[in-house]
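S.K.: This is input_10.txt (compact mmCIF, C-alpha atoms).
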```
# COMPACT_ATOMS: atom_id res chain seq x y z
CA MET E 1 55.73 19.35 12.77
CA SER E 2 54.62 16.00 11.48
CA ARG E 3 52.89 15.47 8.22
CA ILE E 4 49.62 13.54 8.35
CA PHE E 5 48.99 11.62 5.16
CA VAL E 6 45.31 10.99 4.61
CA LEU E 7 44.79 8.03 2.36
CA PHE E 8 41.53 7.30 0.65
CA PHE E 9 40.78 3.96 -0.89
CA ALA E 10 38.05 3.46 -3.44
CA SER E 11 36.31 0.14 -3.04
CA VAL E 12 35.20 -1.73 -6.17
CA PHE E 13 32.21 -3.97 -5.71
CA VAL E 14 31.48 -6.76 -8.18
CA PHE E 15 27.85 -7.78 -8.04
CA SER E 16 28.30 -11.48 -8.54
CA PRO E 17 27.71 -14.44 -6.20
CA LEU E 18 31.33 -15.36 -6.77
CA PHE E 19 32.53 -12.07 -5.30
CA ALA E 20 29.86 -11.56 -2.62
CA PRO E 21 31.60 -10.74 0.65
CA ASN E 22 31.46 -13.18 3.52
CA PRO E 23 29.37 -11.39 6.23
CA SER E 24 31.39 -12.70 9.16
CA LEU E 25 34.72 -11.88 7.48
CA SER E 26 33.53 -8.38 6.55
CA SER E 27 32.36 -7.81 10.10
CA TYR E 28 35.73 -8.85 11.51
CA GLU E 29 37.64 -6.68 9.02
CA SER E 30 35.44 -3.71 9.93
CA LEU E 31 36.05 -4.25 13.61
CA ASN E 32 39.78 -4.59 13.12
CA SER E 33 40.25 -1.89 10.49
CA VAL E 34 43.31 0.35 10.82
CA LEU E 35 42.52 3.85 12.10
CA ALA E 36 46.08 5.18 12.18
CA ILE E 37 49.68 4.18 11.66
CA VAL E 38 52.26 5.68 14.01
CA GLY E 39 55.77 4.87 12.86
CA PRO E 40 55.90 1.06 12.77
CA ARG E 41 52.75 0.70 14.90
CA SER E 42 49.14 0.54 13.75
CA ILE E 43 46.05 1.50 15.74
CA SER E 44 43.01 -0.61 14.93
CA SER E 45 39.32 -0.32 15.69
CA LEU E 46 39.80 -2.98 18.36
CA ASP E 47 42.53 -0.86 19.93
CA TYR E 48 40.11 2.06 19.89
CA GLU E 49 37.31 0.10 21.57
CA GLU E 50 39.67 -0.99 24.35
CA GLY E 51 41.16 2.49 24.57
CA VAL E 52 37.86 4.27 25.21
CA GLU E 53 37.39 2.83 28.69
CA ARG E 54 41.07 3.26 29.55
CA TYR E 55 40.93 6.89 28.46
CA LYS E 56 37.81 7.56 30.52
CA ASN E 57 39.52 6.13 33.60
CA LEU E 58 42.83 7.94 33.09
CA SER E 59 41.89 11.25 31.44
CA ARG E 60 41.49 13.10 34.76
CA PHE E 61 45.25 12.79 35.17
CA PHE E 62 45.89 14.53 31.82
CA PRO E 63 46.37 18.30 31.34
CA ASN E 64 43.37 20.16 29.94
CA TYR E 65 45.11 21.06 26.69
CA ARG E 66 45.15 17.33 25.90
CA LYS E 67 41.35 17.23 26.05
CA LYS E 68 40.38 19.01 22.83
CA GLY E 69 37.60 17.97 20.51
CA SER E 70 35.19 15.07 20.74
CA LEU E 71 35.74 12.03 22.94
CA HIS E 72 36.41 10.02 19.79
CA ALA E 73 39.23 12.34 18.70
CA GLN E 74 40.64 12.50 22.22
CA VAL E 75 40.86 8.71 22.37
CA ILE E 76 42.62 8.59 18.99
CA ASP E 77 45.14 11.20 20.20
CA PHE E 78 45.60 9.25 23.43
CA LEU E 79 46.39 6.08 21.47
CA ILE E 80 48.75 7.95 19.15
CA ASP E 81 50.65 9.41 22.11
CA ARG E 82 50.93 5.98 23.71
CA ALA E 83 52.19 4.53 20.42
CA VAL E 84 54.83 7.26 20.21
CA VAL E 85 56.07 6.34 23.70
CA ASP E 86 56.04 2.61 22.85
CA ASN E 87 58.07 3.24 19.69
CA VAL E 88 60.80 5.16 21.53
CA ALA E 89 60.81 2.59 24.34
CA ASP E 90 61.48 -0.12 21.73
CA GLU E 91 64.27 1.96 20.20
CA GLU E 92 65.87 2.36 23.63
CA SER E 93 65.40 -1.35 24.45
CA VAL E 94 63.09 -0.58 27.37
CA GLN E 95 61.40 -3.94 27.86
CA VAL E 96 58.51 -4.46 30.25
CA ASN E 97 57.75 -8.15 30.77
CA GLU E 98 55.80 -9.93 33.49
CA LYS E 99 58.85 -10.28 35.72
CA ARG E 100 59.55 -6.53 35.45
CA ILE E 101 55.96 -5.75 36.43
CA GLU E 102 56.15 -8.09 39.44
CA ALA E 103 59.39 -6.42 40.53
CA GLU E 104 57.81 -2.96 40.25
CA ILE E 105 54.82 -4.01 42.35
CA GLN E 106 57.16 -5.50 44.98
CA LYS E 107 59.22 -2.30 45.06
CA ARG E 108 56.13 -0.18 45.59
CA MET E 109 54.84 -2.48 48.32
CA GLU E 110 58.16 -2.25 50.16
CA ALA E 111 58.17 1.54 49.83
CA GLN E 112 54.78 1.64 51.57
CA GLY E 113 55.73 -0.96 54.17
CA ILE E 114 53.06 -3.36 52.87
CA THR E 115 53.60 -7.11 52.71
CA ASP E 116 50.09 -8.29 51.79
CA LEU E 117 49.05 -7.97 48.13
CA GLU E 118 45.38 -7.49 48.96
CA GLN E 119 46.26 -4.61 51.27
CA PHE E 120 48.39 -3.11 48.50
CA LYS E 121 45.47 -3.35 46.07
CA LYS E 122 43.29 -1.40 48.50
CA SER E 123 46.07 1.16 48.94
CA VAL E 124 46.35 1.65 45.16
CA GLN E 125 42.59 2.06 44.80
CA SER E 126 42.56 4.63 47.61
CA GLN E 127 45.62 6.53 46.39
CA PHE E 128 44.69 6.80 42.71
CA ASN E 129 40.92 6.39 42.97
CA LEU E 130 41.16 3.71 40.30
CA PRO E 131 40.21 0.03 40.20
CA TYR E 132 43.37 -2.00 40.79
CA GLU E 133 42.94 -3.78 37.45
CA VAL E 134 42.95 -0.45 35.59
CA TRP E 135 46.09 0.67 37.45
CA LEU E 136 47.79 -2.65 36.72
CA GLU E 137 46.92 -2.44 33.02
CA ASP E 138 48.54 1.00 32.86
CA LEU E 139 51.63 0.01 34.86
CA PRO E 140 53.76 -1.06 31.83
CA TYR E 141 53.31 2.41 30.35
CA GLN E 142 54.24 4.05 33.67
CA ILE E 143 57.40 1.92 33.85
CA LYS E 144 58.36 2.95 30.30
CA LYS E 145 57.62 6.57 31.15
CA GLY E 146 59.89 6.39 34.19
CA GLN E 147 62.72 4.92 32.14
CA LEU E 148 62.34 7.43 29.32
CA LEU E 149 62.33 10.30 31.80
CA GLN E 150 65.83 9.22 32.74
CA ILE E 151 67.03 8.49 29.20
CA LYS E 152 65.35 11.09 26.97
CA VAL E 153 63.98 13.83 29.23
CA SER E 154 65.87 16.01 31.71
CA PRO E 155 63.39 17.84 33.96
CA PRO E 156 65.00 20.82 35.75
CA LEU E 157 65.25 20.77 39.54
CA PRO E 158 62.97 23.27 41.32
CA SER E 159 64.76 26.46 42.35
CA GLU E 160 64.80 27.84 45.89
CA GLN E 161 62.63 30.70 44.66
CA GLU E 162 60.03 28.24 43.33
CA VAL E 163 60.04 26.33 46.63
CA GLN E 164 59.61 29.55 48.63
CA SER E 165 56.87 30.80 46.32
CA TRP E 166 54.92 27.54 46.55
CA TYR E 167 55.25 27.53 50.35
CA ASN E 168 54.00 31.13 50.63
CA LYS E 169 50.95 30.37 48.48
CA ASN E 170 50.10 27.04 50.11
CA LYS E 171 50.68 27.45 53.84
CA ALA E 172 47.19 26.13 54.49
CA LYS E 173 48.06 22.94 52.61
CA VAL E 174 51.26 22.24 54.52
CA GLY E 175 49.30 22.51 57.76
CA SER E 176 50.44 23.52 61.21
CA GLU E 177 52.83 22.33 63.84
CA PHE E 178 51.91 22.08 67.51
CA LYS E 179 53.48 22.36 70.91
CA PHE E 180 51.22 20.49 73.30
CA ARG E 181 50.91 18.49 76.49
CA GLU E 182 49.18 15.15 76.66
CA ILE E 183 47.64 13.05 79.41
CA VAL E 184 47.16 9.35 78.70
CA PHE E 185 45.30 6.86 80.91
CA SER E 186 44.63 3.19 80.14
CA PRO E 187 41.71 1.25 81.63
CA ALA E 188 42.75 -1.60 83.94
CA ASN E 189 40.41 -3.91 82.00
CA SER E 190 37.88 -3.79 79.19
CA SER E 191 34.76 -3.66 81.35
CA ILE E 192 32.23 -0.91 80.74
CA ASP E 193 32.52 0.24 84.36
CA GLU E 194 36.29 0.64 84.10
CA GLU E 195 36.04 2.44 80.76
CA THR E 196 33.41 4.78 82.21
CA ARG E 197 35.52 5.46 85.30
CA ILE E 198 38.56 6.47 83.26
CA PHE E 199 36.45 8.63 80.96
CA ASN E 200 34.83 10.44 83.89
CA GLU E 201 38.19 10.95 85.61
CA LEU E 202 39.68 12.59 82.55
CA THR E 203 36.56 14.68 82.05
CA GLU E 204 36.97 16.01 85.58
CA ILE E 205 40.66 16.79 84.90
CA ARG E 206 39.61 18.66 81.78
CA ASN E 207 37.00 20.71 83.64
CA LYS E 208 39.50 21.68 86.34
CA SER E 209 42.14 22.54 83.74
CA LEU E 210 39.73 24.87 81.94
CA LYS E 211 39.59 26.90 85.17
CA ASP E 212 43.27 26.49 86.05
CA PRO E 213 45.56 25.52 83.13
CA SER E 214 48.45 24.79 85.56
CA PHE E 215 46.42 21.84 86.85
CA PHE E 216 46.82 20.10 83.45
CA LYS E 217 50.61 20.35 83.70
CA LEU E 218 50.50 19.03 87.26
CA VAL E 219 48.58 15.90 86.25
CA ALA E 220 50.64 15.48 83.07
CA SER E 221 53.79 15.37 85.25
CA GLY E 222 52.31 12.84 87.65
CA PRO E 223 52.96 9.09 87.85
CA ARG E 224 49.57 8.12 86.40
CA ASN E 225 50.27 9.76 83.05
CA GLU E 226 51.34 7.02 80.63
CA SER E 227 52.67 9.46 78.03
CA ARG E 228 56.29 8.82 77.14
CA TYR E 229 56.76 12.56 77.64
CA ARG E 230 55.64 12.44 81.28
CA LEU E 231 59.08 13.36 82.67
CA ASN E 232 58.83 16.56 80.65
CA GLY E 233 55.37 17.34 81.97
CA GLY E 234 53.73 15.55 79.05
CA LEU E 235 55.17 18.19 76.72
CA VAL E 236 55.57 17.39 73.01
CA ASN E 237 57.70 20.18 71.56
CA TRP E 238 56.77 21.56 68.12
CA VAL E 239 55.86 18.72 65.81
CA PRO E 240 54.19 19.13 62.39
CA THR E 241 50.83 17.39 62.18
CA PHE E 242 51.98 15.37 59.13
CA GLU E 243 54.89 13.99 61.17
CA LEU E 244 52.71 13.25 64.21
CA TYR E 245 50.21 11.52 61.93
CA LYS E 246 52.78 8.84 61.13
CA THR E 247 52.81 7.58 64.74
CA GLN E 248 49.68 9.06 66.34
CA PRO E 249 47.08 9.69 63.62
CA THR E 250 44.16 10.13 66.03
CA THR E 251 46.04 12.64 68.18
CA ALA E 252 47.09 14.56 65.05
CA SER E 253 43.47 14.73 63.89
CA VAL E 254 42.27 15.89 67.30
CA LEU E 255 44.89 18.66 67.46
CA ALA E 256 43.85 19.93 64.04
CA GLN E 257 40.27 20.21 65.30
CA VAL E 258 41.08 21.70 68.71
CA GLY E 259 42.81 24.74 67.29
CA GLY E 260 44.98 27.40 68.90
CA GLN E 261 46.92 28.09 72.05
CA GLY E 262 45.26 27.40 75.41
CA LYS E 263 42.66 25.02 73.97
CA ILE E 264 41.96 21.67 75.60
CA SER E 265 40.53 18.73 73.69
CA GLU E 266 37.58 16.63 74.69
CA VAL E 267 38.43 13.17 76.04
CA PHE E 268 39.28 10.85 73.15
CA ARG E 269 40.62 7.35 72.56
CA ASP E 270 43.89 7.08 70.69
CA ASP E 271 45.02 4.39 68.26
CA ARG E 272 46.05 2.14 71.16
CA LYS E 273 42.57 2.41 72.76
CA ARG E 274 43.88 4.60 75.57
CA TYR E 275 41.95 7.60 76.90
CA CYS E 276 43.65 10.94 76.26
CA LEU E 277 43.54 14.70 76.67
CA VAL E 278 45.72 17.25 74.88
CA PHE E 279 46.39 20.85 75.89
CA VAL E 280 47.64 23.14 73.08
CA GLU E 281 50.51 25.36 74.21
CA GLY E 282 51.36 26.67 70.77
CA MET E 283 50.29 26.48 67.14
CA ARG E 284 51.96 27.93 64.05
CA PRO E 285 52.26 27.25 60.31
CA THR E 286 54.68 24.43 59.59
CA PRO E 287 58.08 26.09 58.92
CA LEU E 288 59.53 25.84 55.44
CA ASP E 289 62.55 23.85 56.63
CA ALA E 290 60.27 21.10 57.92
CA VAL E 291 58.55 20.66 54.56
CA ARG E 292 61.25 21.76 52.13
CA LYS E 293 62.06 18.24 50.87
CA GLY E 294 58.39 17.43 50.43
CA ILE E 295 57.79 20.61 48.40
CA GLN E 296 60.90 19.98 46.29
CA GLY E 297 59.66 16.46 45.55
CA PHE E 298 56.18 17.70 44.67
CA LEU E 299 57.48 20.43 42.36
CA PHE E 300 59.93 18.06 40.70
CA ARG E 301 57.15 15.57 39.96
CA GLU E 302 55.16 18.41 38.40
CA LYS E 303 58.17 19.37 36.28
CA GLU E 304 58.63 15.74 35.29
CA GLN E 305 55.05 15.54 34.10
CA THR E 306 55.23 18.83 32.19
CA SER E 307 58.60 17.96 30.63
CA PHE E 308 57.36 14.52 29.61
CA GLU E 309 54.20 15.95 28.00
CA GLU E 310 56.34 18.42 26.05
CA TRP E 311 58.69 15.64 24.98
CA VAL E 312 55.80 13.45 23.77
CA SER E 313 54.40 16.40 21.79
CA THR E 314 57.78 17.15 20.19
CA THR E 315 58.47 13.49 19.41
CA ARG E 316 55.01 13.08 17.92
CA LYS E 317 55.65 15.96 15.51
CA ALA E 318 58.79 14.22 14.31
CA THR E 319 57.02 10.87 13.86
CA SER E 320 55.53 9.61 10.60
CA ILE E 321 51.78 9.37 11.26
CA SER E 322 49.03 8.35 8.82
CA ILE E 323 45.38 8.83 9.78
CA PHE E 324 42.61 6.70 8.22
CA ASP E 325 39.82 7.32 10.72
CA PRO E 326 37.03 9.24 8.92
CA ILE E 327 35.66 10.85 12.10
CA TYR E 328 39.07 12.22 13.08
CA ILE E 329 39.73 13.38 9.51
CA LYS E 330 36.42 15.26 9.33
CA GLU E 331 36.74 16.79 12.81
CA HIS E 332 40.20 18.18 12.07
CA ASN E 333 39.33 19.28 8.52
CA ILE E 334 42.17 17.28 6.97
CA ASN E 335 41.37 17.53 3.28
CA ASN E 336 44.78 17.64 1.66
CA PRO E 337 47.10 14.61 1.90
CA GLU E 338 50.01 17.07 2.01
CA GLU E 339 48.40 19.22 4.71
CA LYS E 340 50.49 19.78 7.83
CA TYR E 341 48.59 19.20 11.02
CA ASN E 342 49.55 20.45 14.47
CA THR E 343 47.74 18.58 17.26
CA ASP E 344 48.50 21.38 19.73
```
Please render this file's structure as structure tokens.
M.R.:
Amino acid sequence: MSRIFVLFFASVFVFSPLFAPNPSLSSYESLNSVLAIVGPRSISSLDYEEGVERYKNLSRFFPNYRKKGSLHAQVIDFLIDRAVVDNVADEESVQVNEKRIEAEIQKRMEAQGITDLEQFKKSVQSQFNLPYEVWLEDLPYQIKKGQLLQIKVSPPLPSEQEVQSWYNKNKAKVGSEFKFREIVFSPANSSIDEETRIFNELTEIRNKSLKDPSFFKLVASGPRNESRYRLNGGLVNWVPTFELYKTQPTTASVLAQVGGQGKISEVFRDDRKRYCLVFVEGMRPTPLDAVRKGIQGFLFREKEQTSFEEWVSTTRKATSISIFDPIYIKEHNINNPEEKYNTD
């Protein structure tokens, strides 16, 4: 448990023109006054002003127990935690320069199969619901966090029992897998008449199939069906929607809407602008084996986050921290310089 030393300085004012403070200098010193010292690092008023907006953008990613007290106190704690991480990163020679940041961005682009930076920026904004500039500003910290997770923190791997338990509680989240037949027709040209003809033809096939489901299989096995599964009667055998989404996102979305066994979709256009019908022959929750790796990865990331938060808290308690911010001092009732203070 760290000891917070609260230091009070008495200011002596000499009422003489010779000692009258320079207004601009006083203003600057006030703006850049030290609010806290964390090990070898200081946190100034300027750091606080910049930290407020960063905290507001990032705080939704933090656990609730990190959000105690006023916004002012939360920002101070946020900056202290970041300083603790920066101190240990320095001790472990974890350096994050411009070249390292560029390499990390390139690695993430390659992982997503993206080659265009502007496309990557849009992907980041969509994935994290953050402006790209905010994400980029926080990237050095995320790189240090990743390195320290390897060096200083050892998150446990999720057990089989934890994987099974998560799967049982979240079957709706992992979605379903489908066994279905598909019929795919492409217009001969892009004219409205041709598009209408294909649409009407598939609508007629759908209507007949509603009365006689075997008719769908007959057409799906015929030479006009452009599905790559035509030789198997257009049958796609048990595929999870998340896997199908990688290659046929529109078809995956349609199946999720169509529902259970024996259902036939409305005519729709797929991602290649072809006209399609799907007939659901089976629907069931995605089996555990199909999503096991994904669940293990999800649970491990959760354990990483929890383990890292615990490590930051423990390291903070062992760090020499001095608080000078009067608002923080008052809010936490720190009256005795020798008082021990537990931020948890």
S.K.: Point out the residue among E:Ile101, E:Leu231, E:Val88, E:Cys276 with the least atom-to-atom distance to E:Glu201, counting all atoms listed in the file.
M.R.: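 Checking each candidate against E:Glu201, we get E:Cys276 as the closest.
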S.K.: Please report as CSV every residue of stretch 129-239 of chain E lying within 12 Å of stretch 55-71 of chain E, along with the nearest atom pair and their distance in Å (one decimal), using only C-alpha atoms.
M.R.:
```
residue,atom,partner,partner_atom,distance
E:Asn129,CA,E:Asn57,CA,9.5
E:Leu130,CA,E:Asn57,CA,7.3
E:Pro131,CA,E:Asn57,CA,9.0
E:Tyr132,CA,E:Asn57,CA,11.5
E:Glu133,CA,E:Asn57,CA,11.2
E:Val134,CA,E:Asn57,CA,7.7
E:Trp135,CA,E:Leu58,CA,9.1
E:Glu137,CA,E:Leu58,CA,11.2
E:Asp138,CA,E:Leu58,CA,9.0
E:Leu139,CA,E:Leu58,CA,12.0
```
S.K.: Just checking: using all atoms listed in the file, which residue out of E:Trp238, E:Phe78, E:Phe300, E:Tyr245 ends up closest to E:Lys179?
M.R.: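 Of E:Trp238, E:Phe78, E:Phe300, E:Tyr245, the one nearest E:Lys179, counting all atoms listed in the file, is E:Trp238.
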S.K.: Report, in Å with one decimal, the straight-line distance from atom CA of E:Leu244 to atom CA of E:Ser165.
M.R.: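 Computed distance, atom CA of E:Leu244 to atom CA of E:Ser165, equals 25.4 Å.
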S.K.: Counting all atoms listed in the file, which residue out of E:Pro287, E:Gly39, E:Phe128, E:Phe120 sits closest to E:Lys107?
M.R.: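 Residue with the minimum atom-to-atom distance to E:Lys107: E:Phe120.
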S.K.: Suppose you want the space between atom CA of E:Arg206 and atom CA of E:Ser253; what is it in Å?
M.R.: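 Atom-to-atom, atom CA of E:Arg206 to atom CA of E:Ser253, that is 18.7 Å.
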S.K.: List the residues sitting within 10 Å of (60.2, 25.2, 60.8) in the file's frame, using all atoms listed in the file, as a PDB file with C-alpha atoms, in the coordinates of the input.
M.R.:
```pdb
ATOM      1  CA  SER E 176      50.440  23.520  61.210  1.00  0.00           C
ATOM      2  CA  GLU E 177      52.830  22.330  63.840  1.00  0.00           C
ATOM      3  CA  TRP E 238      56.770  21.560  68.120  1.00  0.00           C
ATOM      4  CA  VAL E 239      55.860  18.720  65.810  1.00  0.00           C
ATOM      5  CA  PRO E 240      54.190  19.130  62.390  1.00  0.00           C
ATOM      6  CA  ARG E 284      51.960  27.930  64.050  1.00  0.00           C
ATOM      7  CA  PRO E 285      52.260  27.250  60.310  1.00  0.00           C
ATOM      8  CA  THR E 286      54.680  24.430  59.590  1.00  0.00           C
ATOM      9  CA  PRO E 287      58.080  26.090  58.920  1.00  0.00           C
ATOM     10  CA  LEU E 288      59.530  25.840  55.440  1.00  0.00           C
ATOM     11  CA  ASP E 289      62.550  23.850  56.630  1.00  0.00           C
ATOM     12  CA  ALA E 290      60.270  21.100  57.920  1.00  0.00           C
ATOM     13  CA  VAL E 291      58.550  20.660  54.560  1.00  0.00           C
ATOM     14  CA  ARG E 292      61.250  21.760  52.130  1.00  0.00           C
TER      15      ARG E 292
END
```
S.K.: With all atoms listed in the file as the basis for distance, which of E:Arg274, E:Asp90, E:Ile329, E:His72 is at the shortest distance from E:Pro40?
M.R.: E:Asp90
S.K.: Taking 5 positions as the minimum chain separation for residues in the same chain, which residues sit within 12 Å of E:Ser214 when counting all atoms listed in the file? Answer as a list in words.
M.R.: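 Listing them by chain and then by number gives Arg181, Ile205, Arg206, Lys208, Ser209, Val219, Ala220, Ser221, Gly233, Gly262, Phe279 and Glu281 of chain E.
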S.K.: Let me make sure I understand: among E:Trp311, E:Tyr275, E:Phe185, E:Tyr229, which one has the smallest atom-to-atom distance to E:Ile151 if we use all atoms listed in the file?
M.R.: E:Trp311
S.K.: Please measure the separation of atom CA of E:Val124 and atom CA of E:Leu255, giving the value in Å to one decimal.
M.R.: 28.1 Å
S.K.: Return the single residue from E:Ala111, E:Thr315, E:Ile327, E:Met283 that is closest to E:Lys263, with distances computed using all atoms listed in the file.
M.R.: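 For E:Lys263, the nearest of the given residues is E:Met283.
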S.K.: Extract, using all atoms listed in the file, all DNA, RNA and protein residues at most 12 Å from E:Asn87, discarding same-chain residues fewer than 6 positions from it, and format them as a list in words.
M.R.: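 After dropping sequence-adjacent residues, the list is Ile37, Val38, Gly39, Pro40, Arg41, Ser42, Ile80, Asp81, Ser93, Val94, Gln95, Tyr141, Lys144, Lys145, Leu148, Val312, Thr315, Arg316, Thr319 and Ser320 of chain E.
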